[in-house]
file work-v3.cif (mmCIF, N, CA and C atoms and all ligand atoms)
data_coords
loop_
_atom_site.label_atom_id
_atom_site.label_comp_id
_atom_site.auth_asym_id
_atom_site.auth_seq_id
_atom_site.Cartn_x
_atom_site.Cartn_y
_atom_site.Cartn_z
N MET Q 22 -26.85 -50.89 -20.51
CA MET Q 22 -27.80 -51.50 -21.45
C MET Q 22 -27.13 -52.69 -22.17
N ASN Q 23 -27.79 -53.83 -22.10
CA ASN Q 23 -27.15 -54.97 -22.78
C ASN Q 23 -27.54 -55.02 -24.25
N ARG Q 24 -26.87 -55.89 -24.95
CA ARG Q 24 -27.03 -55.97 -26.41
C ARG Q 24 -28.47 -56.30 -26.82
N LYS Q 25 -29.09 -57.22 -26.05
CA LYS Q 25 -30.44 -57.67 -26.36
C LYS Q 25 -31.41 -56.48 -26.36
N ARG Q 26 -31.25 -55.62 -25.34
CA ARG Q 26 -32.12 -54.46 -25.20
C ARG Q 26 -31.96 -53.51 -26.39
N ILE Q 27 -30.72 -53.30 -26.79
CA ILE Q 27 -30.46 -52.41 -27.93
C ILE Q 27 -31.12 -52.96 -29.20
N VAL Q 28 -31.04 -54.26 -29.38
CA VAL Q 28 -31.66 -54.88 -30.56
C VAL Q 28 -33.18 -54.68 -30.50
N TYR Q 29 -33.79 -54.89 -29.33
CA TYR Q 29 -35.23 -54.68 -29.19
C TYR Q 29 -35.62 -53.25 -29.53
N LEU Q 30 -34.84 -52.28 -28.97
CA LEU Q 30 -35.14 -50.87 -29.22
C LEU Q 30 -35.07 -50.55 -30.71
N MET Q 31 -34.04 -51.10 -31.36
CA MET Q 31 -33.89 -50.85 -32.80
C MET Q 31 -35.08 -51.43 -33.57
N LEU Q 32 -35.54 -52.60 -33.13
CA LEU Q 32 -36.70 -53.22 -33.79
C LEU Q 32 -37.93 -52.34 -33.64
N ILE Q 33 -38.16 -51.81 -32.44
CA ILE Q 33 -39.34 -50.96 -32.18
C ILE Q 33 -39.28 -49.69 -33.02
N PHE Q 34 -38.12 -49.02 -33.01
CA PHE Q 34 -38.01 -47.79 -33.81
C PHE Q 34 -38.16 -48.06 -35.30
N GLY Q 35 -37.56 -49.15 -35.71
CA GLY Q 35 -37.66 -49.54 -37.12
C GLY Q 35 -39.11 -49.73 -37.53
N THR Q 36 -39.87 -50.41 -36.67
CA THR Q 36 -41.28 -50.67 -36.97
C THR Q 36 -42.05 -49.35 -37.03
N LEU Q 37 -41.78 -48.45 -36.08
CA LEU Q 37 -42.48 -47.16 -36.06
C LEU Q 37 -42.21 -46.37 -37.34
N ILE Q 38 -40.96 -46.34 -37.75
CA ILE Q 38 -40.61 -45.60 -38.96
C ILE Q 38 -41.30 -46.21 -40.17
N PHE Q 39 -41.33 -47.55 -40.19
CA PHE Q 39 -41.98 -48.26 -41.30
C PHE Q 39 -43.47 -47.92 -41.37
N ILE Q 40 -44.15 -47.95 -40.21
CA ILE Q 40 -45.58 -47.65 -40.18
C ILE Q 40 -45.83 -46.21 -40.66
N ASN Q 41 -44.99 -45.29 -40.18
CA ASN Q 41 -45.14 -43.89 -40.60
C ASN Q 41 -44.99 -43.72 -42.10
N ALA Q 42 -44.07 -44.45 -42.67
CA ALA Q 42 -43.81 -44.33 -44.10
C ALA Q 42 -45.02 -44.77 -44.91
N CYS Q 43 -45.83 -45.66 -44.35
CA CYS Q 43 -47.00 -46.16 -45.07
C CYS Q 43 -48.20 -45.26 -44.90
N TYR Q 44 -48.15 -44.30 -43.99
CA TYR Q 44 -49.30 -43.46 -43.70
C TYR Q 44 -49.67 -42.61 -44.91
N TYR Q 45 -50.94 -42.69 -45.29
CA TYR Q 45 -51.40 -42.10 -46.53
C TYR Q 45 -52.28 -40.91 -46.19
N ASP Q 46 -51.82 -39.70 -46.46
CA ASP Q 46 -52.63 -38.57 -46.01
C ASP Q 46 -52.96 -37.59 -47.13
N LYS Q 47 -53.16 -38.11 -48.32
CA LYS Q 47 -53.56 -37.22 -49.40
C LYS Q 47 -55.07 -37.08 -49.35
N ALA Q 48 -55.55 -35.89 -48.96
CA ALA Q 48 -56.99 -35.67 -48.75
C ALA Q 48 -57.80 -36.01 -49.99
N GLU Q 49 -57.27 -35.67 -51.17
CA GLU Q 49 -58.07 -35.89 -52.38
C GLU Q 49 -58.22 -37.38 -52.70
N LEU Q 50 -57.30 -38.19 -52.16
CA LEU Q 50 -57.44 -39.64 -52.36
C LEU Q 50 -58.32 -40.26 -51.28
N LEU Q 51 -58.22 -39.71 -50.07
CA LEU Q 51 -59.04 -40.23 -48.98
C LEU Q 51 -60.50 -39.83 -49.14
N TYR Q 52 -60.74 -38.62 -49.64
CA TYR Q 52 -62.10 -38.11 -49.80
C TYR Q 52 -62.31 -37.69 -51.25
N PRO Q 53 -62.50 -38.65 -52.15
CA PRO Q 53 -62.54 -38.34 -53.57
C PRO Q 53 -63.63 -37.33 -53.95
N SER Q 54 -64.78 -37.32 -53.23
CA SER Q 54 -65.84 -36.41 -53.64
C SER Q 54 -65.47 -34.96 -53.32
N ASN Q 55 -64.45 -34.75 -52.48
CA ASN Q 55 -64.04 -33.39 -52.14
C ASN Q 55 -62.88 -32.92 -53.01
N ALA Q 56 -62.50 -33.72 -53.98
CA ALA Q 56 -61.34 -33.40 -54.80
C ALA Q 56 -61.51 -32.05 -55.47
N GLY Q 57 -60.70 -31.08 -55.09
CA GLY Q 57 -60.81 -29.77 -55.70
C GLY Q 57 -60.08 -29.72 -57.02
N ALA Q 58 -58.94 -30.42 -57.08
CA ALA Q 58 -58.09 -30.35 -58.25
C ALA Q 58 -58.71 -31.05 -59.45
N THR Q 59 -59.25 -32.24 -59.24
CA THR Q 59 -59.81 -32.98 -60.36
C THR Q 59 -61.28 -33.26 -60.09
N CYS Q 60 -62.11 -32.46 -60.70
CA CYS Q 60 -63.55 -32.66 -60.58
C CYS Q 60 -64.06 -32.95 -61.99
N ASP Q 61 -64.37 -34.20 -62.25
CA ASP Q 61 -64.72 -34.62 -63.60
C ASP Q 61 -66.21 -34.39 -63.89
N THR Q 62 -66.47 -33.34 -64.67
CA THR Q 62 -67.86 -33.11 -65.08
C THR Q 62 -67.97 -33.17 -66.60
N THR Q 63 -67.00 -33.85 -67.22
CA THR Q 63 -67.05 -33.98 -68.68
C THR Q 63 -68.06 -35.07 -69.05
N GLY Q 64 -68.62 -34.95 -70.24
CA GLY Q 64 -69.58 -35.94 -70.72
C GLY Q 64 -70.90 -35.86 -69.97
N VAL Q 65 -71.72 -36.86 -70.17
CA VAL Q 65 -73.03 -36.90 -69.54
C VAL Q 65 -72.89 -37.51 -68.15
N ILE Q 66 -73.41 -36.81 -67.15
CA ILE Q 66 -73.32 -37.28 -65.76
C ILE Q 66 -74.34 -38.39 -65.52
N SER Q 67 -73.88 -39.48 -64.92
CA SER Q 67 -74.78 -40.60 -64.62
C SER Q 67 -75.50 -40.38 -63.30
N TYR Q 68 -76.83 -40.50 -63.36
CA TYR Q 68 -77.61 -40.36 -62.11
C TYR Q 68 -77.22 -41.44 -61.11
N SER Q 69 -77.21 -42.70 -61.55
CA SER Q 69 -76.98 -43.79 -60.60
C SER Q 69 -75.55 -43.83 -60.08
N ALA Q 70 -74.57 -43.49 -60.95
CA ALA Q 70 -73.17 -43.60 -60.51
C ALA Q 70 -72.66 -42.36 -59.81
N ARG Q 71 -73.16 -41.19 -60.18
CA ARG Q 71 -72.59 -39.95 -59.64
C ARG Q 71 -73.54 -39.16 -58.74
N VAL Q 72 -74.78 -38.99 -59.18
CA VAL Q 72 -75.69 -38.10 -58.44
C VAL Q 72 -76.30 -38.80 -57.23
N ALA Q 73 -76.88 -39.98 -57.43
CA ALA Q 73 -77.56 -40.67 -56.33
C ALA Q 73 -76.65 -40.89 -55.11
N PRO Q 74 -75.36 -41.29 -55.30
CA PRO Q 74 -74.51 -41.49 -54.12
C PRO Q 74 -74.32 -40.20 -53.30
N ILE Q 75 -74.25 -39.06 -53.97
CA ILE Q 75 -74.10 -37.79 -53.24
C ILE Q 75 -75.36 -37.51 -52.43
N LEU Q 76 -76.51 -37.67 -53.10
CA LEU Q 76 -77.78 -37.37 -52.42
C LEU Q 76 -78.05 -38.38 -51.31
N ARG Q 77 -77.66 -39.64 -51.54
CA ARG Q 77 -77.87 -40.66 -50.52
C ARG Q 77 -77.08 -40.32 -49.27
N ALA Q 78 -75.85 -39.85 -49.47
CA ALA Q 78 -74.98 -39.56 -48.33
C ALA Q 78 -75.43 -38.30 -47.59
N GLN Q 79 -76.03 -37.33 -48.31
CA GLN Q 79 -76.25 -36.03 -47.68
C GLN Q 79 -77.71 -35.61 -47.54
N CYS Q 80 -78.64 -36.32 -48.16
CA CYS Q 80 -80.02 -35.84 -48.19
C CYS Q 80 -81.06 -36.88 -47.77
N TYR Q 81 -80.88 -38.12 -48.18
CA TYR Q 81 -81.95 -39.10 -48.04
C TYR Q 81 -82.32 -39.40 -46.59
N SER Q 82 -81.40 -39.15 -45.65
CA SER Q 82 -81.73 -39.45 -44.25
C SER Q 82 -82.91 -38.61 -43.78
N CYS Q 83 -83.09 -37.41 -44.33
CA CYS Q 83 -84.22 -36.56 -43.96
C CYS Q 83 -85.31 -36.55 -45.03
N HIS Q 84 -84.93 -36.82 -46.28
CA HIS Q 84 -85.90 -36.76 -47.38
C HIS Q 84 -86.13 -38.17 -47.93
N SER Q 85 -87.06 -38.86 -47.28
CA SER Q 85 -87.39 -40.22 -47.71
C SER Q 85 -88.29 -40.16 -48.95
N ALA Q 86 -88.63 -41.32 -49.49
CA ALA Q 86 -89.45 -41.36 -50.69
C ALA Q 86 -90.89 -40.94 -50.41
N THR Q 87 -91.33 -41.14 -49.17
CA THR Q 87 -92.67 -40.68 -48.77
C THR Q 87 -92.52 -39.96 -47.44
N GLY Q 88 -93.11 -38.80 -47.32
CA GLY Q 88 -93.06 -38.07 -46.06
C GLY Q 88 -91.71 -37.47 -45.75
N GLY Q 89 -91.00 -36.97 -46.76
CA GLY Q 89 -89.71 -36.32 -46.52
C GLY Q 89 -89.88 -34.98 -45.80
N SER Q 90 -88.82 -34.52 -45.13
CA SER Q 90 -88.85 -33.24 -44.42
C SER Q 90 -89.29 -32.12 -45.34
N GLY Q 91 -90.07 -31.19 -44.80
CA GLY Q 91 -90.51 -30.02 -45.58
C GLY Q 91 -91.31 -30.41 -46.81
N ASN Q 92 -91.96 -31.58 -46.77
CA ASN Q 92 -92.73 -32.10 -47.92
C ASN Q 92 -91.89 -32.27 -49.18
N ILE Q 93 -90.58 -32.40 -49.00
CA ILE Q 93 -89.71 -32.68 -50.15
C ILE Q 93 -89.32 -34.15 -50.08
N ASN Q 94 -89.89 -34.93 -51.00
CA ASN Q 94 -89.54 -36.35 -51.06
C ASN Q 94 -88.37 -36.53 -52.03
N MET Q 95 -87.43 -37.40 -51.63
CA MET Q 95 -86.30 -37.72 -52.51
C MET Q 95 -86.15 -39.24 -52.51
N SER Q 96 -84.93 -39.73 -52.43
CA SER Q 96 -84.64 -41.16 -52.26
C SER Q 96 -84.97 -42.06 -53.44
N ASN Q 97 -85.44 -41.51 -54.55
CA ASN Q 97 -85.52 -42.32 -55.77
C ASN Q 97 -85.47 -41.37 -56.97
N TYR Q 98 -85.28 -41.94 -58.14
CA TYR Q 98 -85.09 -41.11 -59.33
C TYR Q 98 -86.27 -40.18 -59.59
N ALA Q 99 -87.49 -40.73 -59.53
CA ALA Q 99 -88.68 -39.92 -59.87
C ALA Q 99 -88.77 -38.68 -58.98
N ASN Q 100 -88.50 -38.86 -57.69
CA ASN Q 100 -88.57 -37.72 -56.76
C ASN Q 100 -87.41 -36.74 -56.98
N ASP Q 101 -86.21 -37.28 -57.15
CA ASP Q 101 -85.04 -36.41 -57.33
C ASP Q 101 -85.18 -35.58 -58.61
N LYS Q 102 -85.78 -36.18 -59.63
CA LYS Q 102 -85.97 -35.48 -60.90
C LYS Q 102 -86.90 -34.27 -60.73
N ILE Q 103 -87.95 -34.43 -59.93
CA ILE Q 103 -88.90 -33.34 -59.73
C ILE Q 103 -88.19 -32.10 -59.18
N ILE Q 104 -87.41 -32.26 -58.11
CA ILE Q 104 -86.75 -31.08 -57.55
C ILE Q 104 -85.55 -30.64 -58.40
N GLY Q 105 -85.04 -31.58 -59.23
CA GLY Q 105 -83.99 -31.19 -60.18
C GLY Q 105 -84.54 -30.22 -61.20
N LEU Q 106 -85.70 -30.56 -61.74
CA LEU Q 106 -86.28 -29.75 -62.82
C LEU Q 106 -86.93 -28.47 -62.31
N ASN Q 107 -87.49 -28.48 -61.10
CA ASN Q 107 -88.17 -27.25 -60.63
C ASN Q 107 -87.20 -26.27 -59.96
N GLY Q 108 -85.91 -26.58 -59.96
CA GLY Q 108 -84.92 -25.62 -59.49
C GLY Q 108 -84.60 -25.72 -58.01
N LYS Q 109 -85.42 -26.48 -57.25
CA LYS Q 109 -85.21 -26.50 -55.79
C LYS Q 109 -83.95 -27.26 -55.39
N LEU Q 110 -83.59 -28.29 -56.16
CA LEU Q 110 -82.39 -29.07 -55.80
C LEU Q 110 -81.15 -28.19 -55.87
N TYR Q 111 -80.92 -27.57 -57.02
CA TYR Q 111 -79.69 -26.77 -57.13
C TYR Q 111 -79.78 -25.50 -56.29
N GLY Q 112 -80.98 -24.91 -56.23
CA GLY Q 112 -81.14 -23.71 -55.39
C GLY Q 112 -80.76 -23.98 -53.94
N SER Q 113 -81.20 -25.12 -53.42
CA SER Q 113 -80.95 -25.40 -52.01
C SER Q 113 -79.49 -25.80 -51.76
N ILE Q 114 -78.88 -26.59 -52.66
CA ILE Q 114 -77.49 -27.03 -52.40
C ILE Q 114 -76.47 -25.94 -52.70
N SER Q 115 -76.85 -24.95 -53.52
CA SER Q 115 -75.91 -23.86 -53.79
C SER Q 115 -76.16 -22.68 -52.85
N HIS Q 116 -77.11 -22.86 -51.95
CA HIS Q 116 -77.48 -21.82 -50.98
C HIS Q 116 -77.87 -20.53 -51.69
N ALA Q 117 -78.60 -20.66 -52.79
CA ALA Q 117 -79.05 -19.50 -53.55
C ALA Q 117 -80.14 -18.78 -52.76
N SER Q 118 -80.22 -17.47 -52.94
CA SER Q 118 -81.24 -16.72 -52.20
C SER Q 118 -82.62 -17.15 -52.71
N GLY Q 119 -83.57 -17.21 -51.78
CA GLY Q 119 -84.91 -17.65 -52.14
C GLY Q 119 -85.12 -19.14 -51.89
N TYR Q 120 -84.05 -19.85 -51.53
CA TYR Q 120 -84.16 -21.28 -51.22
C TYR Q 120 -83.65 -21.53 -49.81
N ILE Q 121 -84.19 -22.58 -49.20
CA ILE Q 121 -83.72 -22.95 -47.86
C ILE Q 121 -82.42 -23.74 -48.04
N PRO Q 122 -81.32 -23.29 -47.42
CA PRO Q 122 -80.02 -23.95 -47.63
C PRO Q 122 -80.00 -25.41 -47.15
N MET Q 123 -79.45 -26.28 -47.99
CA MET Q 123 -79.37 -27.72 -47.69
C MET Q 123 -77.94 -28.20 -47.95
N PRO Q 124 -77.48 -29.30 -47.34
CA PRO Q 124 -78.21 -30.12 -46.37
C PRO Q 124 -78.40 -29.36 -45.06
N GLN Q 125 -79.58 -29.46 -44.48
CA GLN Q 125 -79.89 -28.67 -43.29
C GLN Q 125 -78.91 -29.00 -42.16
N GLY Q 126 -78.28 -27.96 -41.64
CA GLY Q 126 -77.34 -28.13 -40.54
C GLY Q 126 -76.02 -28.75 -40.96
N GLY Q 127 -75.83 -28.98 -42.26
CA GLY Q 127 -74.62 -29.70 -42.69
C GLY Q 127 -73.61 -28.85 -43.43
N GLY Q 128 -73.91 -27.55 -43.64
CA GLY Q 128 -72.96 -26.73 -44.39
C GLY Q 128 -73.05 -27.00 -45.88
N LEU Q 129 -72.37 -26.14 -46.63
CA LEU Q 129 -72.38 -26.23 -48.09
C LEU Q 129 -71.67 -27.52 -48.54
N MET Q 130 -72.27 -28.26 -49.47
CA MET Q 130 -71.58 -29.45 -49.98
C MET Q 130 -70.40 -29.02 -50.85
N SER Q 131 -69.50 -29.94 -51.15
CA SER Q 131 -68.28 -29.57 -51.87
C SER Q 131 -68.62 -28.97 -53.24
N SER Q 132 -67.75 -28.11 -53.74
CA SER Q 132 -68.03 -27.47 -55.03
C SER Q 132 -68.08 -28.51 -56.14
N CYS Q 133 -67.33 -29.61 -55.99
CA CYS Q 133 -67.38 -30.67 -57.01
C CYS Q 133 -68.75 -31.34 -57.00
N ASP Q 134 -69.25 -31.68 -55.80
CA ASP Q 134 -70.58 -32.31 -55.72
C ASP Q 134 -71.64 -31.39 -56.34
N GLN Q 135 -71.52 -30.09 -56.06
CA GLN Q 135 -72.48 -29.13 -56.64
C GLN Q 135 -72.38 -29.11 -58.16
N ALA Q 136 -71.14 -29.13 -58.65
CA ALA Q 136 -70.93 -29.08 -60.11
C ALA Q 136 -71.49 -30.32 -60.79
N VAL Q 137 -71.31 -31.48 -60.15
CA VAL Q 137 -71.82 -32.74 -60.71
C VAL Q 137 -73.34 -32.68 -60.82
N ILE Q 138 -73.98 -32.22 -59.75
CA ILE Q 138 -75.45 -32.15 -59.73
C ILE Q 138 -75.94 -31.11 -60.74
N LYS Q 139 -75.26 -29.98 -60.82
CA LYS Q 139 -75.65 -28.94 -61.77
C LYS Q 139 -75.60 -29.47 -63.21
N LYS Q 140 -74.52 -30.22 -63.51
CA LYS Q 140 -74.36 -30.76 -64.86
C LYS Q 140 -75.45 -31.79 -65.15
N TRP Q 141 -75.80 -32.61 -64.15
CA TRP Q 141 -76.87 -33.60 -64.33
C TRP Q 141 -78.18 -32.87 -64.66
N ILE Q 142 -78.43 -31.75 -63.99
CA ILE Q 142 -79.65 -30.98 -64.23
C ILE Q 142 -79.63 -30.38 -65.63
N THR Q 143 -78.50 -29.78 -66.02
CA THR Q 143 -78.45 -29.16 -67.36
C THR Q 143 -78.49 -30.23 -68.46
N ASN Q 144 -78.09 -31.45 -68.12
CA ASN Q 144 -78.24 -32.57 -69.08
C ASN Q 144 -79.70 -33.01 -69.20
N GLY Q 145 -80.57 -32.51 -68.33
CA GLY Q 145 -81.99 -32.85 -68.39
C GLY Q 145 -82.43 -33.89 -67.37
N CYS Q 146 -81.68 -34.03 -66.28
CA CYS Q 146 -82.04 -34.98 -65.21
C CYS Q 146 -82.33 -36.37 -65.76
N LEU Q 147 -81.37 -36.91 -66.49
CA LEU Q 147 -81.55 -38.23 -67.12
C LEU Q 147 -81.55 -39.35 -66.08
N ASN Q 148 -82.27 -40.43 -66.40
CA ASN Q 148 -82.27 -41.62 -65.57
C ASN Q 148 -81.27 -42.60 -66.17
N ASN Q 149 -80.00 -42.37 -65.86
CA ASN Q 149 -78.96 -43.16 -66.52
C ASN Q 149 -78.00 -43.77 -65.52
C1 LIG Q 201 -81.07 -32.98 -41.22
C2 LIG Q 201 -82.19 -33.16 -42.11
C3 LIG Q 201 -82.05 -32.70 -43.53
C4 LIG Q 201 -81.07 -33.02 -44.43
C5 LIG Q 201 -79.83 -33.87 -44.21
C6 LIG Q 201 -81.46 -32.42 -45.67
N1 LIG Q 201 -82.64 -31.74 -45.54
FE1 LIG Q 201 -83.65 -30.75 -46.98
N2 LIG Q 201 -85.01 -30.12 -45.63
C7 LIG Q 201 -85.04 -30.48 -44.30
C8 LIG Q 201 -86.11 -29.79 -43.64
C9 LIG Q 201 -86.49 -29.90 -42.16
C10 LIG Q 201 -86.72 -28.98 -44.63
C11 LIG Q 201 -87.87 -28.00 -44.44
C12 LIG Q 201 -87.23 -26.71 -43.98
C13 LIG Q 201 -88.24 -25.63 -43.75
O1 LIG Q 201 -89.35 -25.72 -44.24
O2 LIG Q 201 -87.85 -24.67 -43.07
C14 LIG Q 201 -86.02 -29.23 -45.87
C15 LIG Q 201 -86.35 -28.63 -47.06
C16 LIG Q 201 -85.73 -28.93 -48.27
C17 LIG Q 201 -86.10 -28.37 -49.55
C18 LIG Q 201 -87.13 -27.31 -49.82
C19 LIG Q 201 -86.33 -26.01 -49.92
C20 LIG Q 201 -87.10 -24.87 -50.46
O3 LIG Q 201 -86.47 -23.81 -50.62
O4 LIG Q 201 -88.29 -25.01 -50.70
C21 LIG Q 201 -85.28 -28.93 -50.48
C22 LIG Q 201 -85.27 -28.70 -51.98
C23 LIG Q 201 -84.39 -29.82 -49.76
N3 LIG Q 201 -84.69 -29.81 -48.43
C24 LIG Q 201 -83.39 -30.53 -50.38
C25 LIG Q 201 -82.39 -31.18 -49.69
C26 LIG Q 201 -81.22 -31.72 -50.31
C27 LIG Q 201 -80.92 -31.67 -51.80
C28 LIG Q 201 -80.46 -32.27 -49.33
C29 LIG Q 201 -79.10 -32.90 -49.46
C30 LIG Q 201 -78.08 -32.09 -50.02
C31 LIG Q 201 -81.17 -32.07 -48.07
N4 LIG Q 201 -82.33 -31.40 -48.34
C32 LIG Q 201 -80.72 -32.52 -46.84
C33 LIG Q 201 -84.19 -31.37 -43.67
C34 LIG Q 201 -83.04 -31.89 -44.23
#
call {"tool": "encode", "arguments": {"input": "work-v3.cif", "output": "structure tokens"}}
result
Amino acid sequence: MNRKRIVYLMLIFGTLIFINACYYDKAELLYPSNAGATCDTTGVISYSARVAPILRAQCYSCHSATGGSGNINMSNYANDKIIGLNGKLYGSISHASGYIPMPQGGGLMSSCDQAVIKKWITNGCLNN
């Protein structure tokens, strides 16, 4: 093996080690909504900043503002408030008995997402 080859090999290994060192695999940072350790439900929960993004990601594809699946319309504040206040929103996402478990076919949403929605409901489903 000549010197040039050794230098090339060292460069390749060096680059690989460098790339590995930058690899970021903290689940709670990559998937903030699944953060088990820090789930901030202090203060008043904002519908637009906290609740709507969860519902948009997990519910709105089937529950549009008009003609949603199972006659449950969502996709805007007025609709989300209705199922928030009548108990169907939390009943379905917490898989409580007597409710059809949601998101359909998607498994239970994270406990933090559930806690955020529960707090928004106990705050009175504010449009904030
Ligand atoms: C893949 C499509 C799909 C997704 C995603 C989905 N739903 Fe549904 N949802 C349905 C269907 C279909 C029904 C009607 C089920 C039935 O009648 O058996 C339904 C029914 C419901 C009901 C009525 C339940 C009851 O007990 O009366 C609620 C409330 C509901 N969904 C809320 C949600 C929420 C909240 C989300 C997001 C977390 C969600 N859904 C995500 C398809 C979906």
call {"tool": "atom_distance", "arguments": {"input": "work-v3.cif", "atom1": "atom C of Q:Ala99", "atom2": "atom N of Q:Ser118"}}
result
23.7 Å
call {"tool": "atom_distance", "arguments": {"input": "work-v3.cif", "atom1": "atom CA of Q:Met95", "atom2": "atom CA of Q:Ser115"}}
result
17.4 Å
call {"tool": "residues_around", "arguments": {"input": "work-v3.cif", "residues": "stretch 74-80 of chain Q", "least_positions_apart": "6", "cutoff": "12 Å", "atoms": "only C-alpha atoms", "output": "PyMOL selection string"}}
result
chain Q and resi 53-55+67-68+86+89-90+93-98+100-102+105+110-111+113-114+122-131+133-138
call {"tool": "axis_aligned_box", "arguments": {"input": "work-v3.cif", "around": "ligand LIG 201 (chain Q)", "padding_each_side": "5 Å", "output": "AutoDock Vina command-line options"}}
result
--center_x -83.7 --center_y -28.8 --center_z -46.6 --size_x 21.3 --size_y 20.1 --size_z 20.8
call {"tool": "atom_distance", "arguments": {"input": "work-v3.cif", "atom1": "atom C15 of ligand LIG 201 (chain Q)", "atom2": "atom CA of Q:Ile121"}}
result
6.3 Å
call {"tool": "closest_residue", "arguments": {"input": "work-v3.cif", "among": "Q:Thr87, Q:Thr143, Q:Asn107, Q:Asn149", "to": "ligand LIG 201 (chain Q)", "atoms": "only C-alpha atoms and all ligand atoms"}}
result
Q:Asn107
call {"tool": "closest_residue", "arguments": {"input": "work-v3.cif", "among": "Q:Ser82, Q:Thr63, Q:Ser132, Q:Asn144", "to": "ligand LIG 201 (chain Q)", "atoms": "all atoms listed in the file"}}
result
Q:Ser82
call {"tool": "closest_residue", "arguments": {"input": "work-v3.cif", "among": "Q:Gly145, Q:Gly64, Q:Gly112, Q:Gly91", "to": "ligand LIG 201 (chain Q)", "atoms": "only N, CA and C atoms and all ligand atoms"}}
result
Q:Gly91
call {"tool": "closest_residue", "arguments": {"input": "work-v3.cif", "among": "Q:Ile103, Q:Cys146, Q:Arg71, Q:Cys83", "to": "ligand LIG 201 (chain Q)", "atoms": "only C-alpha atoms and all ligand atoms"}}
result
Q:Cys83
call {"tool": "closest_residue", "arguments": {"input": "work-v3.cif", "among": "Q:Lys139, Q:Leu32, Q:Thr59, Q:Ala73", "to": "Q:Lys109", "atoms": "only C-alpha atoms"}}
result
Q:Lys139
